[in-house]
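Here is the file query_12.cif (mmCIF, C-alpha atoms).
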```cif
data_entry
#
loop_
_atom_site.label_atom_id
_atom_site.label_comp_id
_atom_site.auth_asym_id
_atom_site.auth_seq_id
_atom_site.Cartn_x
_atom_site.Cartn_y
_atom_site.Cartn_z
CA MET A 30 -31.79 -1.01 51.23
CA LYS A 31 -29.83 -4.02 52.48
CA ARG A 32 -26.76 -1.84 52.99
CA ILE A 33 -28.71 0.71 55.06
CA ILE A 34 -30.25 -1.92 57.32
CA THR A 35 -26.91 -3.68 57.73
CA ASN A 36 -25.16 -0.45 58.73
CA ILE A 37 -27.89 0.48 61.21
CA LEU A 38 -27.71 -2.99 62.77
CA LEU A 39 -23.92 -2.84 62.91
CA ALA A 40 -23.95 0.56 64.60
CA PHE A 41 -26.81 0.02 67.02
CA VAL A 42 -26.37 -3.68 67.84
CA LEU A 43 -22.83 -4.92 67.20
CA ASP A 44 -20.99 -1.75 68.15
CA THR A 45 -23.10 -1.39 71.29
CA ALA A 46 -22.44 -5.02 72.21
CA ILE A 47 -18.69 -4.55 71.72
CA ALA A 48 -18.70 -1.40 73.86
CA LEU A 49 -20.74 -3.06 76.61
CA LEU A 50 -18.48 -6.11 76.60
CA ARG A 51 -15.34 -3.95 76.71
CA ASN A 52 -16.69 -1.99 79.67
CA TYR A 53 -17.85 -5.16 81.44
CA VAL A 54 -14.33 -6.55 81.24
CA GLN A 55 -12.81 -3.29 82.50
CA ILE A 56 -15.25 -2.69 85.36
CA ASP A 57 -16.34 -6.10 86.63
CA ILE A 58 -13.57 -8.49 85.64
CA MET A 59 -10.47 -6.30 85.90
CA HIS A 60 -11.99 -4.11 88.68
CA ASP A 61 -10.64 -0.97 87.06
CA SER A 62 -11.97 1.79 89.31
CA SER A 63 -10.51 4.49 87.05
CA VAL A 64 -13.35 3.82 84.59
CA TYR A 65 -16.15 3.66 87.17
CA SER A 66 -16.15 3.01 90.90
CA GLY A 67 -19.47 1.14 91.05
CA THR A 68 -20.74 -1.97 89.34
CA TRP A 69 -21.11 -2.48 85.63
CA LEU A 70 -24.93 -2.33 85.82
CA GLU A 71 -24.78 1.01 87.62
CA PHE A 72 -22.37 2.26 84.96
CA ILE A 73 -24.75 1.23 82.17
CA ALA A 74 -27.74 2.74 84.00
CA ASN A 75 -25.90 6.05 84.36
CA ARG A 76 -24.75 6.18 80.73
CA LYS A 77 -27.51 4.37 78.84
CA PHE A 78 -28.26 7.33 76.53
CA HIS A 79 -24.58 7.48 75.57
CA PHE A 80 -24.31 3.72 74.92
CA PHE A 81 -27.58 3.22 73.07
CA VAL A 82 -27.99 6.50 71.16
CA VAL A 83 -24.92 8.77 71.05
CA GLU A 84 -22.15 6.24 70.38
CA PRO A 85 -24.06 4.34 67.65
CA MET A 86 -24.89 7.61 65.90
CA ILE A 87 -21.22 8.66 66.02
CA VAL A 88 -20.19 5.30 64.53
CA LEU A 89 -22.88 5.56 61.87
CA ILE A 90 -22.03 9.12 60.83
CA PHE A 91 -18.24 9.27 61.21
CA ILE A 92 -17.19 5.70 60.35
CA LEU A 93 -19.84 3.77 58.44
CA LEU A 94 -21.11 6.63 56.27
CA PRO A 95 -17.67 7.60 54.88
CA TYR A 96 -16.77 3.93 54.39
CA ASN A 97 -19.92 3.24 52.41
CA LEU A 98 -19.56 6.41 50.37
CA ILE A 99 -16.02 5.42 49.42
CA ILE A 100 -17.02 1.85 48.55
CA THR A 101 -20.15 2.71 46.56
CA ARG A 102 -19.22 6.03 44.93
CA THR A 103 -15.72 5.41 43.60
CA ARG A 104 -15.11 4.51 40.00
CA VAL A 105 -13.46 1.23 40.96
CA ARG A 106 -15.79 -1.57 39.95
CA TYR A 107 -14.57 -4.15 42.42
CA PHE A 108 -13.05 -3.74 45.87
CA SER A 109 -11.54 -6.94 47.25
CA LEU A 110 -12.06 -7.74 50.92
CA PRO A 111 -8.50 -6.76 51.93
CA LYS A 112 -8.94 -3.38 50.19
CA LYS A 113 -12.22 -2.88 52.03
CA ILE A 114 -10.60 -3.74 55.34
CA ALA A 115 -7.74 -1.34 54.56
CA THR A 116 -10.24 1.39 53.66
CA PHE A 117 -12.16 0.85 56.90
CA LEU A 118 -8.90 0.82 58.85
CA ALA A 119 -7.79 4.07 57.19
CA ILE A 120 -11.05 5.74 58.26
CA MET A 121 -10.70 4.38 61.80
CA ALA A 122 -7.02 5.40 62.02
CA SER A 123 -7.81 8.88 60.69
CA LEU A 124 -10.55 9.30 63.25
CA LEU A 125 -8.23 8.03 66.00
CA TRP A 126 -5.55 10.44 64.82
CA ILE A 127 -7.93 13.44 64.83
CA VAL A 128 -9.53 12.58 68.17
CA GLY A 129 -6.14 11.72 69.67
CA THR A 130 -4.77 15.10 68.69
CA PHE A 131 -7.52 17.00 70.49
CA PHE A 132 -8.00 14.73 73.52
CA GLY A 133 -4.41 13.86 74.40
CA VAL A 134 -4.26 10.20 73.40
CA TRP A 135 -0.64 10.69 72.36
CA GLY A 136 0.32 11.43 75.96
CA LEU A 137 -0.66 7.92 77.01
CA SER A 138 1.73 5.00 77.22
CA ILE A 139 2.86 3.09 74.15
CA GLN A 140 0.94 0.03 75.35
CA THR A 141 -2.31 1.98 75.44
CA GLN A 142 -1.69 3.39 71.98
CA PHE A 143 -0.93 -0.12 70.70
CA TYR A 144 -4.20 -1.31 72.27
CA TYR A 145 -6.08 1.39 70.32
CA LEU A 146 -4.38 0.34 67.08
CA VAL A 147 -5.17 -3.37 67.63
CA TYR A 148 -8.75 -2.42 68.50
CA CYS A 149 -9.04 -0.49 65.22
CA VAL A 150 -7.62 -3.40 63.21
CA LEU A 151 -9.98 -5.97 64.75
CA TYR A 152 -12.92 -3.60 64.46
CA SER A 153 -12.09 -3.01 60.79
CA ILE A 154 -11.80 -6.72 60.01
CA ILE A 155 -15.12 -7.54 61.68
CA PHE A 156 -17.17 -4.66 60.28
CA ALA A 157 -15.73 -4.62 56.75
CA SER A 158 -16.13 -8.41 56.48
CA ILE A 159 -19.76 -8.32 57.59
CA ILE A 160 -20.58 -5.51 55.16
CA HIS A 161 -18.71 -7.31 52.38
CA TYR A 162 -20.41 -10.67 52.83
CA VAL A 163 -23.90 -9.33 53.55
CA CYS A 164 -24.11 -6.45 51.07
CA ASP A 165 -21.43 -6.73 48.41
CA VAL A 166 -20.88 -10.39 47.49
CA ASP A 167 -23.91 -10.67 45.22
CA ARG A 168 -23.25 -7.21 43.73
CA ASP A 169 -19.60 -8.03 42.96
CA VAL A 170 -20.46 -11.29 41.20
CA ARG A 171 -22.61 -9.58 38.59
#
```
structure tokens encoding of this file:
Amino acid sequence: MKRIITNILLAFVLDTAIALLRNYVQIDIMHDSSVYSGTWLEFIANRKFHFFVVEPMIVLIFILLPYNLIITRTRVRYFSLPKKIATFLAIMASLLWIVGTFFGVWGLSIQTQFYYLVYCVLYSIIFASIIHYVCDVDRDVR
């Protein structure tokens, strides 16, 4: 039960906060009009269903569900934190690879692709660490 609640909170709260912060920096601080020509609040008002429902559900189904199935259903008794981060990163990189193939991410500059990779690494460290320390530490000790 703790794992389910943690994953729902990660998807609907932390992931949403990261996405909102990323878009705030792009729109209001960097004044990147290629993302949106208005203000950040107008952008959020226009895409609130996407930010608060669609994106968290995608994260929950395509990233957190496979990660938790791998961690809980494998025959390995103990996954160390670096292995969990590597597993999360492998899922994120696979998803980036699949989405990038169909949506033309590979046609972007090397700097943009490097940004996506760094984003996946940081995202993996944060999410896998939270799941590890909240859900798995007491289970691994036993």
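Point (-27.0, -3.2, 60.3) has the following residues at most 12 Å away: A:Met30, A:Lys31, A:Arg32, A:Ile33, A:Ile34, A:Thr35, A:Asn36, A:Ile37, A:Leu38, A:Leu39, A:Ala40, A:Phe41, A:Val42, A:Leu43, A:Asp44, A:Thr45, A:Pro85, A:Val88, A:Leu89, A:Leu93, A:Phe156, A:Ala157, A:Ile159, A:Ile160, A:Val163, A:Cys164 (atoms considered: all atoms listed in the file).
Applied to this file, the PyMOL selection byres ((chain A and resi 56) around 10) selects the residues Leu50, Arg51, Asn52, Tyr53, Val54, Gln55, Asp57, Ile58, Met59, His60, Asp61, Ser62, Ser63, Val64, Tyr65, Ser66, Gly67, Thr68, Trp69, Leu70 and Phe72 of chain A.
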Pairwise distance for atom CA of Ile87 of chain A and atom CA of Leu151 of chain A, rounded to one decimal in Å:
18.5 Å
Excluding Phe117 of chain A and its own-chain neighbours fewer than 3 positions away, which residues fall within 8 Å of it when counting only C-alpha atoms? Please give them as number ranges by chain.
A: 92, 96, 113-114, 120-121, 153, 157
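One finds atom CA of Tyr148 of chain A at 15.0 Å from atom CA of Val128 of chain A.
Proximity to Ile100 of chain A at 10 Å, evaluated using all atoms listed in the file and with sequence-adjacent residues fewer than 3 positions away removed, yields A:Leu94, A:Pro95, A:Tyr96, A:Asn97, A:Thr103, A:Arg104, A:Val105, A:Arg106, A:Tyr107, A:Phe108, A:Lys112, A:Lys113, A:Thr116, A:Phe117, A:Asp165.
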Could you please determine the separation between atom CA of Gln140 of chain A and atom CA of Leu49 of chain A in Å, to one decimal place?
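The value is 21.9 Å.
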Rank A:Leu98, A:Leu118, A:Leu124, A:Leu110 by their smallest atom-to-atom distance to Tyr152 of chain A, using all atoms listed in the file, and report the top residue only.
A:Leu118
Contacts of Tyr145 of chain A within 10 Å, all atoms listed in the file, excl. fewer than 4 positions in-chain, as number ranges by chain:
A: 122, 125, 134, 139-141, 149-150
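Closest approach to Ala46 of chain A from the set A:Ser138, A:Phe131, A:Asn75, A:Phe80 is made by A:Phe80, with distances taken over only C-alpha atoms.
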